[in-house]
$ cat final.csv   # CSV, C-alpha atoms
chain,number,residue,atom,x,y,z
A,1,MET,CA,-16.5,-97.3,-215.4
A,2,ALA,CA,-20.2,-97.8,-215.3
A,3,LEU,CA,-20.7,-94.1,-215.4
A,4,ALA,CA,-18.4,-93.7,-218.3
A,5,ALA,CA,-20.1,-96.5,-220.1
A,6,ALA,CA,-23.6,-95.1,-219.6
A,7,PRO,CA,-23.3,-91.9,-221.7
A,8,LEU,CA,-21.5,-93.9,-224.4
A,9,ALA,CA,-24.4,-96.3,-224.4
A,10,GLY,CA,-26.7,-93.3,-224.6
A,11,PHE,CA,-24.9,-91.9,-227.6
A,12,VAL,CA,-25.0,-95.2,-229.3
A,13,ALA,CA,-28.7,-95.4,-228.6
A,14,ARG,CA,-29.2,-91.9,-230.0
A,15,PHE,CA,-27.4,-92.7,-233.2
A,16,GLN,CA,-29.5,-95.8,-233.5
A,17,LEU,CA,-32.7,-93.8,-232.9
A,18,GLN,CA,-31.6,-91.0,-235.3
A,19,GLN,CA,-31.1,-93.6,-237.9
A,20,ALA,CA,-34.6,-94.8,-237.1
A,21,GLY,CA,-35.8,-91.3,-237.7
A,22,LEU,CA,-37.2,-90.6,-234.2
A,23,ALA,CA,-36.6,-87.3,-232.3
A,24,ILE,CA,-36.4,-88.3,-228.6
A,25,PRO,CA,-35.2,-85.6,-226.1
A,26,VAL,CA,-31.6,-86.1,-224.8
A,27,LEU,CA,-32.5,-86.0,-221.1
A,28,ARG,CA,-34.4,-89.3,-221.2
A,29,ARG,CA,-31.3,-91.1,-222.4
A,30,ILE,CA,-29.0,-89.7,-219.6
A,31,GLN,CA,-29.0,-92.2,-216.8
A,32,PHE,CA,-29.0,-90.9,-213.2
A,33,PRO,CA,-26.4,-92.4,-210.8
A,34,HIS,CA,-27.9,-95.3,-209.0
A,35,VAL,CA,-28.3,-94.7,-205.2
A,36,SER,CA,-27.9,-97.9,-203.2
A,37,THR,CA,-29.3,-96.7,-199.8
A,38,ALA,CA,-32.8,-95.3,-199.8
A,39,SER,CA,-32.3,-93.1,-196.6
A,40,PRO,CA,-34.7,-90.4,-195.5
A,41,LEU,CA,-31.8,-88.0,-195.9
A,42,SER,CA,-31.4,-88.6,-199.5
A,43,THR,CA,-35.2,-88.5,-200.2
A,44,SER,CA,-35.4,-85.2,-198.4
A,45,ILE,CA,-32.5,-83.9,-200.3
A,46,ALA,CA,-34.2,-84.9,-203.4
A,47,ILE,CA,-37.3,-83.0,-202.2
A,48,PHE,CA,-35.3,-79.9,-201.8
A,49,ALA,CA,-33.5,-80.4,-205.1
A,50,GLY,CA,-35.3,-77.4,-206.5
A,51,VAL,CA,-34.8,-75.2,-203.4
A,52,SER,CA,-31.6,-73.2,-202.4
A,53,SER,CA,-28.6,-75.0,-201.0
A,54,LEU,CA,-28.7,-72.9,-197.8
A,55,ILE,CA,-32.0,-74.4,-196.7
A,56,ARG,CA,-30.8,-77.8,-197.7
A,57,ASP,CA,-27.7,-77.5,-195.5
A,58,VAL,CA,-29.8,-76.3,-192.5
A,59,TRP,CA,-32.2,-79.2,-192.9
A,60,GLU,CA,-29.3,-81.6,-193.0
A,61,SER,CA,-27.8,-80.2,-189.7
A,62,VAL,CA,-31.2,-80.4,-188.0
A,63,LEU,CA,-31.7,-84.0,-188.9
A,64,ARG,CA,-28.2,-85.0,-187.8
A,65,ALA,CA,-28.1,-83.1,-184.3
A,66,VAL,CA,-29.0,-85.5,-181.6
A,67,PRO,CA,-27.7,-86.0,-178.0
A,68,LYS,CA,-25.1,-88.7,-177.7
A,69,LYS,CA,-25.9,-89.7,-174.1
A,70,LYS,CA,-28.4,-89.1,-171.4
A,71,THR,CA,-27.1,-86.1,-169.4
A,72,SER,CA,-25.9,-87.4,-166.1
A,73,HIS,CA,-27.4,-86.4,-162.8
A,74,MET,CA,-24.3,-84.4,-161.9
A,75,LYS,CA,-24.3,-82.4,-165.1
A,76,LYS,CA,-28.1,-81.8,-165.0
A,77,ARG,CA,-27.8,-80.5,-161.4
A,78,HIS,CA,-24.8,-78.3,-162.3
A,79,ARG,CA,-26.7,-76.7,-165.1
A,80,GLN,CA,-29.9,-76.1,-163.0
A,81,MET,CA,-28.1,-74.9,-159.8
A,82,ALA,CA,-25.4,-72.8,-161.4
A,83,GLY,CA,-25.6,-69.4,-159.7
A,84,LYS,CA,-29.4,-69.4,-159.9
A,85,ALA,CA,-30.1,-69.5,-156.2
A,86,LEU,CA,-31.8,-66.6,-154.4
A,87,LYS,CA,-29.2,-64.0,-153.4
A,88,ASP,CA,-28.7,-63.1,-149.7
A,89,VAL,CA,-29.8,-59.6,-148.7
A,90,THR,CA,-26.6,-58.0,-147.4
A,91,ALA,CA,-27.5,-54.3,-147.6
A,92,LEU,CA,-28.7,-54.1,-144.0
A,93,ASN,CA,-28.2,-51.5,-141.3
A,94,ARG,CA,-29.8,-50.5,-137.9
A,95,CYS,CA,-33.0,-48.6,-137.5
A,96,SER,CA,-32.2,-45.3,-135.8
A,97,ALA,CA,-35.6,-45.2,-134.1
A,98,CYS,CA,-35.8,-48.7,-132.6
A,99,GLY,CA,-32.4,-50.4,-133.0
A,100,ARG,CA,-33.6,-53.4,-135.0
A,101,ALA,CA,-31.9,-54.6,-138.2
A,102,LYS,CA,-33.5,-53.3,-141.4
A,103,ARG,CA,-32.9,-53.2,-145.1
A,104,ALA,CA,-30.8,-50.2,-146.2
A,105,HIS,CA,-32.7,-47.3,-147.9
A,106,VAL,CA,-36.0,-48.8,-146.7
A,107,LEU,CA,-38.1,-47.7,-143.7
A,108,CYS,CA,-38.1,-50.1,-140.7
A,109,PRO,CA,-41.4,-52.0,-140.8
A,110,TYR,CA,-41.9,-52.0,-137.0
A,111,CYS,CA,-41.4,-48.3,-136.8
A,112,VAL,CA,-43.7,-47.6,-139.7
A,113,GLN,CA,-46.4,-49.7,-138.0
A,114,ALA,CA,-45.8,-48.0,-134.7
A,115,VAL,CA,-46.2,-44.6,-136.3
A,116,LYS,CA,-49.3,-45.7,-138.2
A,117,ASN,CA,-50.9,-46.9,-135.0
A,118,PHE,CA,-49.8,-43.8,-133.2
A,119,PHE,CA,-51.5,-41.6,-135.8
A,120,LYS,CA,-54.6,-43.8,-135.7
A,121,GLY,CA,-55.1,-43.9,-132.0
A,122,GLY,CA,-52.5,-41.3,-131.1
A,123,SER,CA,-54.8,-39.0,-129.3
A,124,LYS,CA,-56.1,-41.9,-127.2
A,125,GLU,CA,-52.6,-43.0,-126.2
A,126,THR,CA,-51.6,-39.5,-125.1
A,127,THR,CA,-54.7,-39.1,-123.0
A,128,VAL,CA,-54.1,-42.5,-121.4
A,129,ALA,CA,-50.5,-41.5,-120.6
A,130,VAL,CA,-51.7,-38.2,-119.2
A,131,GLU,CA,-54.4,-40.0,-117.1
A,132,THR,CA,-51.9,-42.5,-115.7
A,133,ALA,CA,-49.5,-39.7,-114.8
A,134,GLU,CA,-52.3,-37.8,-113.1
A,135,THR,CA,-53.5,-40.8,-111.1
A,136,ALA,CA,-49.8,-41.4,-110.1
A,137,GLU,CA,-49.5,-37.8,-108.9
A,138,THR,CA,-52.8,-38.0,-106.9
A,139,ALA,CA,-51.6,-41.3,-105.4
A,140,LYS,CA,-48.3,-39.7,-104.4
A,141,LYS,CA,-50.1,-36.8,-102.8
A,142,ALA,CA,-52.5,-39.2,-101.0
A,143,ASP,CA,-49.5,-41.1,-99.6
A,144,VAL,CA,-47.8,-37.9,-98.5
B,1,MET,CA,-34.7,-44.6,-182.0
B,2,ALA,CA,-34.3,-48.2,-180.8
B,3,GLY,CA,-33.1,-48.8,-177.2
B,4,GLY,CA,-34.0,-45.3,-176.0
B,5,ALA,CA,-35.6,-44.8,-172.5
B,6,VAL,CA,-39.3,-43.8,-172.3
B,7,LYS,CA,-40.3,-40.3,-171.1
B,8,TYR,CA,-42.6,-41.8,-168.5
B,9,ARG,CA,-43.5,-45.3,-167.1
B,10,HIS,CA,-46.2,-47.2,-168.9
B,11,LEU,CA,-47.1,-49.4,-165.9
B,12,SER,CA,-48.3,-52.2,-168.1
B,13,ARG,CA,-51.4,-50.2,-169.0
B,14,ASN,CA,-52.8,-48.5,-172.0
B,15,SER,CA,-53.0,-44.7,-172.2
B,16,ALA,CA,-56.6,-44.5,-170.9
B,17,HIS,CA,-56.0,-46.9,-168.0
B,18,ARG,CA,-52.8,-45.2,-167.0
B,19,GLN,CA,-54.4,-41.8,-166.9
B,20,ALA,CA,-57.2,-43.1,-164.8
B,21,LEU,CA,-54.8,-44.8,-162.4
B,22,LEU,CA,-52.7,-41.7,-161.9
B,23,ARG,CA,-55.9,-39.6,-161.4
B,24,ASN,CA,-57.1,-42.0,-158.8
B,25,LEU,CA,-53.8,-42.1,-157.0
B,26,ILE,CA,-53.5,-38.3,-156.7
B,27,GLU,CA,-57.1,-38.1,-155.6
B,28,SER,CA,-56.3,-40.5,-152.8
B,29,LEU,CA,-53.0,-38.6,-152.0
B,30,ILE,CA,-54.6,-35.2,-151.7
B,31,GLU,CA,-57.5,-36.7,-149.6
B,32,HIS,CA,-55.4,-38.7,-147.2
B,33,GLU,CA,-52.0,-36.9,-147.4
B,34,SER,CA,-50.1,-40.2,-147.3
B,35,ILE,CA,-50.7,-43.4,-149.4
B,36,ARG,CA,-49.0,-46.7,-149.7
B,37,THR,CA,-48.5,-48.2,-153.2
B,38,THR,CA,-45.9,-49.7,-155.4
B,39,TRP,CA,-42.7,-47.7,-155.8
B,40,HIS,CA,-43.0,-47.3,-159.5
B,41,LYS,CA,-46.6,-46.1,-159.3
B,42,ALA,CA,-45.5,-43.7,-156.5
B,43,LYS,CA,-42.8,-42.2,-158.6
B,44,GLU,CA,-45.2,-41.6,-161.6
B,45,THR,CA,-47.9,-40.2,-159.3
B,46,GLN,CA,-45.3,-37.8,-157.8
B,47,ARG,CA,-44.9,-36.1,-161.2
B,48,LEU,CA,-48.6,-35.4,-161.6
B,49,ALA,CA,-49.1,-34.5,-157.9
B,50,GLU,CA,-46.5,-31.8,-158.0
B,51,LYS,CA,-48.0,-30.4,-161.2
B,52,VAL,CA,-51.4,-30.2,-159.5
B,53,ILE,CA,-50.0,-28.4,-156.5
B,54,THR,CA,-48.2,-26.0,-158.8
B,55,LEU,CA,-51.6,-25.3,-160.4
B,56,GLY,CA,-52.9,-24.5,-156.9
B,57,LYS,CA,-50.0,-22.1,-156.3
B,58,LYS,CA,-50.5,-20.3,-159.6
B,59,ASN,CA,-54.1,-19.6,-158.5
B,60,THR,CA,-55.5,-18.4,-161.8
B,61,GLU,CA,-58.8,-19.1,-163.4
B,62,ALA,CA,-57.2,-21.2,-166.0
B,63,SER,CA,-55.2,-23.3,-163.5
B,64,ARG,CA,-58.4,-23.8,-161.5
B,65,ARG,CA,-60.3,-25.1,-164.5
B,66,ARG,CA,-57.3,-27.4,-165.3
B,67,ALA,CA,-57.4,-28.8,-161.7
B,68,TRP,CA,-61.2,-29.4,-162.1
B,69,GLN,CA,-60.4,-31.6,-165.1
B,70,ILE,CA,-57.9,-33.7,-163.2
B,71,PHE,CA,-59.8,-34.8,-160.1
B,72,TYR,CA,-62.7,-37.2,-160.0
B,73,ARG,CA,-64.2,-35.4,-157.1
B,74,PRO,CA,-63.1,-31.8,-157.8
B,75,ALA,CA,-65.7,-30.2,-155.5
B,76,LEU,CA,-64.1,-31.9,-152.6
B,77,LEU,CA,-60.4,-31.6,-153.5
B,78,VAL,CA,-59.8,-28.5,-155.6
B,79,PRO,CA,-60.7,-26.2,-152.6
B,80,LYS,CA,-58.1,-28.1,-150.6
B,81,VAL,CA,-55.4,-27.7,-153.3
B,82,PHE,CA,-56.1,-24.0,-153.8
B,83,GLY,CA,-56.5,-23.3,-150.1
B,84,GLU,CA,-54.8,-25.4,-147.5
B,85,LEU,CA,-52.0,-26.8,-149.8
B,86,ARG,CA,-51.3,-23.5,-151.5
B,87,GLU,CA,-50.7,-21.9,-148.1
B,88,ARG,CA,-48.7,-24.8,-146.8
B,89,TYR,CA,-46.3,-24.8,-149.8
B,90,ALA,CA,-46.2,-21.0,-150.4
B,91,ASP,CA,-42.5,-20.7,-149.5
B,92,ARG,CA,-41.4,-24.1,-150.7
B,93,PRO,CA,-39.8,-24.1,-154.2
B,94,GLY,CA,-41.0,-27.5,-155.4
B,95,GLY,CA,-40.7,-30.9,-153.9
B,96,TYR,CA,-44.1,-31.0,-152.3
B,97,THR,CA,-44.3,-34.8,-152.3
B,98,ARG,CA,-41.9,-37.4,-151.0
B,99,VAL,CA,-41.5,-41.1,-151.8
B,100,LEU,CA,-40.2,-43.3,-149.0
B,101,ARG,CA,-39.4,-47.0,-149.6
B,102,ILE,CA,-41.0,-49.5,-147.3
B,103,GLU,CA,-41.1,-53.3,-147.0
B,104,PRO,CA,-43.4,-55.0,-149.5
B,105,ILE,CA,-47.1,-54.6,-148.6
B,106,LYS,CA,-48.2,-57.7,-150.4
B,107,GLU,CA,-47.1,-61.3,-150.7
B,108,ASP,CA,-45.9,-60.8,-154.2
B,109,GLN,CA,-42.9,-58.8,-152.8
B,110,ALA,CA,-43.6,-55.8,-155.1
B,111,ALA,CA,-41.3,-52.9,-154.3
B,112,SER,CA,-43.6,-50.7,-152.1
B,113,ALA,CA,-43.4,-47.1,-151.1
B,114,ILE,CA,-45.2,-44.4,-149.1
B,115,LEU,CA,-46.1,-41.3,-151.1
B,116,GLU,CA,-46.8,-38.4,-148.9
B,117,LEU,CA,-47.4,-34.7,-148.9
B,118,VAL,CA,-44.4,-33.0,-147.2
B,119,ASP,CA,-45.1,-31.0,-144.0
B,120,GLY,CA,-48.6,-32.7,-143.7
B,121,PRO,CA,-50.2,-34.1,-140.6
B,122,LYS,CA,-49.1,-37.6,-141.7
B,123,ASP,CA,-45.5,-36.8,-142.6
B,124,MET,CA,-43.6,-40.1,-142.1
B,125,ARG,CA,-40.2,-38.6,-142.2
B,126,PHE,CA,-41.2,-36.0,-139.5
B,127,ALA,CA,-42.6,-38.8,-137.4
B,128,MET,CA,-39.5,-41.0,-137.9
B,129,THR,CA,-37.2,-38.2,-137.0
B,130,ALA,CA,-39.2,-37.6,-133.8
B,131,LYS,CA,-39.1,-41.3,-133.0
B,132,THR,CA,-35.3,-41.3,-133.6
B,133,LEU,CA,-34.8,-38.4,-131.3
B,134,ALA,CA,-36.9,-40.1,-128.6
B,135,HIS,CA,-34.9,-43.3,-129.0
B,136,GLN,CA,-31.5,-41.4,-128.9
B,137,ARG,CA,-32.5,-39.5,-125.8
B,138,ARG,CA,-33.7,-42.7,-124.0
B,139,GLU,CA,-30.5,-44.5,-124.9
B,140,GLY,CA,-28.3,-41.5,-124.2
B,141,LYS,CA,-26.8,-41.5,-127.6
B,142,PRO,CA,-25.7,-38.3,-129.4
B,143,ILE,CA,-27.5,-37.0,-132.5
B,144,ASN,CA,-25.7,-38.3,-135.6
B,145,GLU,CA,-25.1,-36.6,-138.9
B,146,ILE,CA,-28.1,-38.1,-140.8
B,147,THR,CA,-30.5,-37.4,-138.0
B,148,GLN,CA,-29.2,-33.7,-138.0
B,149,GLN,CA,-29.8,-33.5,-141.8
B,150,ASN,CA,-33.3,-34.9,-141.4
B,151,LEU,CA,-34.0,-32.4,-138.6
B,152,THR,CA,-33.2,-29.5,-140.8
B,153,LYS,CA,-35.2,-31.1,-143.7
B,154,VAL,CA,-38.4,-31.6,-141.7
B,155,THR,CA,-38.3,-28.2,-139.9
B,156,ARG,CA,-37.1,-25.9,-142.7
B,157,PHE,CA,-40.4,-24.9,-144.3
B,158,ARG,CA,-42.8,-26.2,-141.6
B,159,LYS,CA,-44.7,-23.5,-139.6
B,160,ASP,CA,-43.4,-23.9,-136.1
B,161,GLY,CA,-41.4,-27.0,-137.2
B,162,ALA,CA,-39.1,-27.2,-134.2
B,163,GLY,CA,-42.0,-26.8,-131.7
B,164,GLU,CA,-44.1,-29.5,-133.3
B,165,LEU,CA,-41.2,-31.8,-133.6
B,166,GLU,CA,-40.4,-31.4,-129.9
B,167,GLU,CA,-44.1,-32.1,-129.0
B,168,LEU,CA,-44.0,-35.3,-131.0
B,169,VAL,CA,-40.7,-36.4,-129.5
B,170,LYS,CA,-42.3,-36.1,-126.0
B,171,LYS,CA,-45.3,-38.2,-127.1
B,172,PHE,CA,-42.9,-40.9,-128.4
B,173,GLU,CA,-40.9,-40.8,-125.2
B,174,ALA,CA,-44.1,-41.5,-123.3
B,175,LEU,CA,-44.7,-44.7,-125.2
B,176,ASP,CA,-43.8,-48.0,-123.6
B,177,PRO,CA,-40.5,-49.3,-125.1
B,178,GLN,CA,-41.1,-52.9,-124.0
B,179,GLU,CA,-44.5,-53.0,-125.7
B,180,GLU,CA,-42.7,-51.7,-128.8
B,181,ALA,CA,-40.0,-54.4,-128.6
B,182,ALA,CA,-42.6,-57.1,-128.3
B,183,ALA,CA,-44.6,-55.8,-131.3
B,184,GLU,CA,-45.0,-58.3,-134.2
B,185,ARG,CA,-44.0,-57.6,-137.7
B,186,PRO,CA,-47.0,-56.6,-139.8
B,187,GLN,CA,-48.2,-59.5,-142.0
B,188,GLN,CA,-48.1,-59.0,-145.7
B,189,LYS,CA,-51.5,-58.9,-147.6
B,190,GLN,CA,-52.3,-62.2,-149.2
B,191,VAL,CA,-52.3,-62.5,-152.9
B,192,TYR,CA,-52.0,-66.2,-153.7
B,193,PRO,CA,-54.6,-68.8,-152.7
B,194,HIS,CA,-53.7,-70.5,-149.4
B,195,THR,CA,-54.8,-74.0,-148.5
B,196,ASP,CA,-56.4,-74.3,-145.1
B,197,PRO,CA,-54.0,-76.0,-142.8
B,198,ASP,CA,-56.8,-77.3,-140.5
B,199,PRO,CA,-57.8,-80.8,-141.7
B,200,THR,CA,-60.9,-81.0,-139.5
B,201,LYS,CA,-62.5,-78.2,-141.5
B,202,LYS,CA,-64.6,-79.1,-144.5
B,203,PRO,CA,-62.6,-78.4,-147.7
B,204,LYS,CA,-63.8,-75.5,-149.8
B,205,LYS,CA,-65.9,-76.5,-152.8
B,206,ALA,CA,-63.9,-76.5,-156.1
B,207,ARG,CA,-65.1,-73.8,-158.4
B,208,TRP,CA,-65.2,-75.0,-162.0
B,209,THR,CA,-66.6,-71.8,-163.4
B,210,LYS,CA,-63.3,-70.0,-163.3
B,211,ASN,CA,-60.3,-70.9,-165.5

$ encode --input "final.csv" --output "structure tokens"
Amino acid sequence: MALAAAPLAGFVARFQLQQAGLAIPVLRRIQFPHVSTASPLSTSIAIFAGVSSLIRDVWESVLRAVPKKKTSHMKKRHRQMAGKALKDVTALNRCSACGRAKRAHVLCPYCVQAVKNFFKGGSKETTVAVETAETAETAKKADV
Amino acid sequence: MAGGAVKYRHLSRNSAHRQALLRNLIESLIEHESIRTTWHKAKETQRLAEKVITLGKKNTEASRRRAWQIFYRPALLVPKVFGELRERYADRPGGYTRVLRIEPIKEDQAASAILELVDGPKDMRFAMTAKTLAHQRREGKPINEITQQNLTKVTRFRKDGAGELEELVKKFEALDPQEEAAAERPQQKQVYPHTDPDPTKKPKKARWTKN
């Protein structure tokens, strides 16, 4: 009713002004609808009045999205622990050179170390073995 | 084309750094015949190493000059490539290097590998096959299929392969099995800072210059 009355009042005013001989622009006489609540939503919408409607919609949804309740301990833990634990290594088999368990397709670390040490001091080890064998032989001969 | 695979690994380095890395790695490989590095670096170095050995096998002036460009110490290593390695791999059609996966060397658990020259003095597969045979003979177990395959692999192009393998098997048999069983697992190289567990020791001074 008020809205209907407003433009009529405006027209009446225009007629009166035209009679008075003044040329006032039409926009000034049109009354904007009165907004009772001065919310930040409405003010921000007013700011974006000139911008496209898409951005205005996005801005509205961003302002409205808010968590309803504090996430419970149970829900928080379910989200954090869901299938994110370290996986067990199941691809295991036996080393053919020492019999220990090892990862499949990977060299046994003990054997690699043994071979490395063998190559490093390999000649020493063989001479030691030979020497001990020789001393054992001489000891046997002495006994006999 | 988006989503296509690269032709070679970038190894988180720019072109110059990557080239320098690979050159350094093949330098070490040719010098030591067996190196430990990350698996990805090993696979990339393999490509360059095989090309370098191919240059040696070609044995032309042009290939020699190319080899001189690749190494950082060409006077030391080009004679080895064009001499010893050329003779070693004369009959072998490609596949002069081998990448064997190993347990991570460092604390960061990076996938590690041994990159080695096949039929060399530090051939890990050769040594492992010998160790396996020694273990099987000691335990009285029969030779299984995979060991037989490895046997043929390591002796096929090796000069007097069977003889050398037998010698190495005997050396491994002479080793003390109890000492081997008591051996400790090699410790991984440290990467992250470790706090000193001993509280009686004076704490290290904080360094405010870094970070």

$ closest_residue --input "final.csv" --among "B:Leu133, B:Ala62, B:Ile30, B:Leu11" --to "Glu173 (chain B)" --atoms "all atoms listed in the file"
B:Leu133

$ interface_residues --input "final.csv" --of "chain A" --to "chain B" --cutoff "9 Å" --atoms "all atoms listed in the file" --output "list in words"
Cys95, Ser96, Ala97, Cys98, Gly99, Arg103, His105, Val106, Leu107, Cys108, Pro109, Tyr110, Cys111, Val112, Gln113, Ala114, Val115, Lys116, Phe118, Phe119, Gly122, Glu125, Thr126 and Ala129 of chain A

$ residues_near_point --input "final.csv" --point "(-36.0, -29.0, -143.6)" --cutoff "12 Å" --atoms "only C-alpha atoms" --output "ChimeraX atom specification"
/B:92,95,118-119,125-126,129,147-162,165

$ atom_distance --input "final.csv" --atom1 "CA of Gly56 (chain B)" --atom2 "CA of Leu21 (chain B)"
21.1 Å

$ atom_distance --input "final.csv" --atom1 "CA of Glu33 (chain B)" --atom2 "CA of Glu87 (chain B)"
15.1 Å

$ atom_distance --input "final.csv" --atom1 "CA of Asp123 (chain B)" --atom2 "CA of Ala49 (chain B)"
15.9 Å

$ closest_residue --input "final.csv" --among "A:Ala101, A:Trp59, A:Pro67, A:His73" --to "Val89 (chain A)" --atoms "only C-alpha atoms"
A:Ala101

$ residues_around --input "final.csv" --residues "Leu77 (chain B)" --least-positions-apart "6" --cutoff "8 Å" --atoms "only C-alpha atoms" --output "PyMOL selection string"
chain B and resi 27+30-31+71
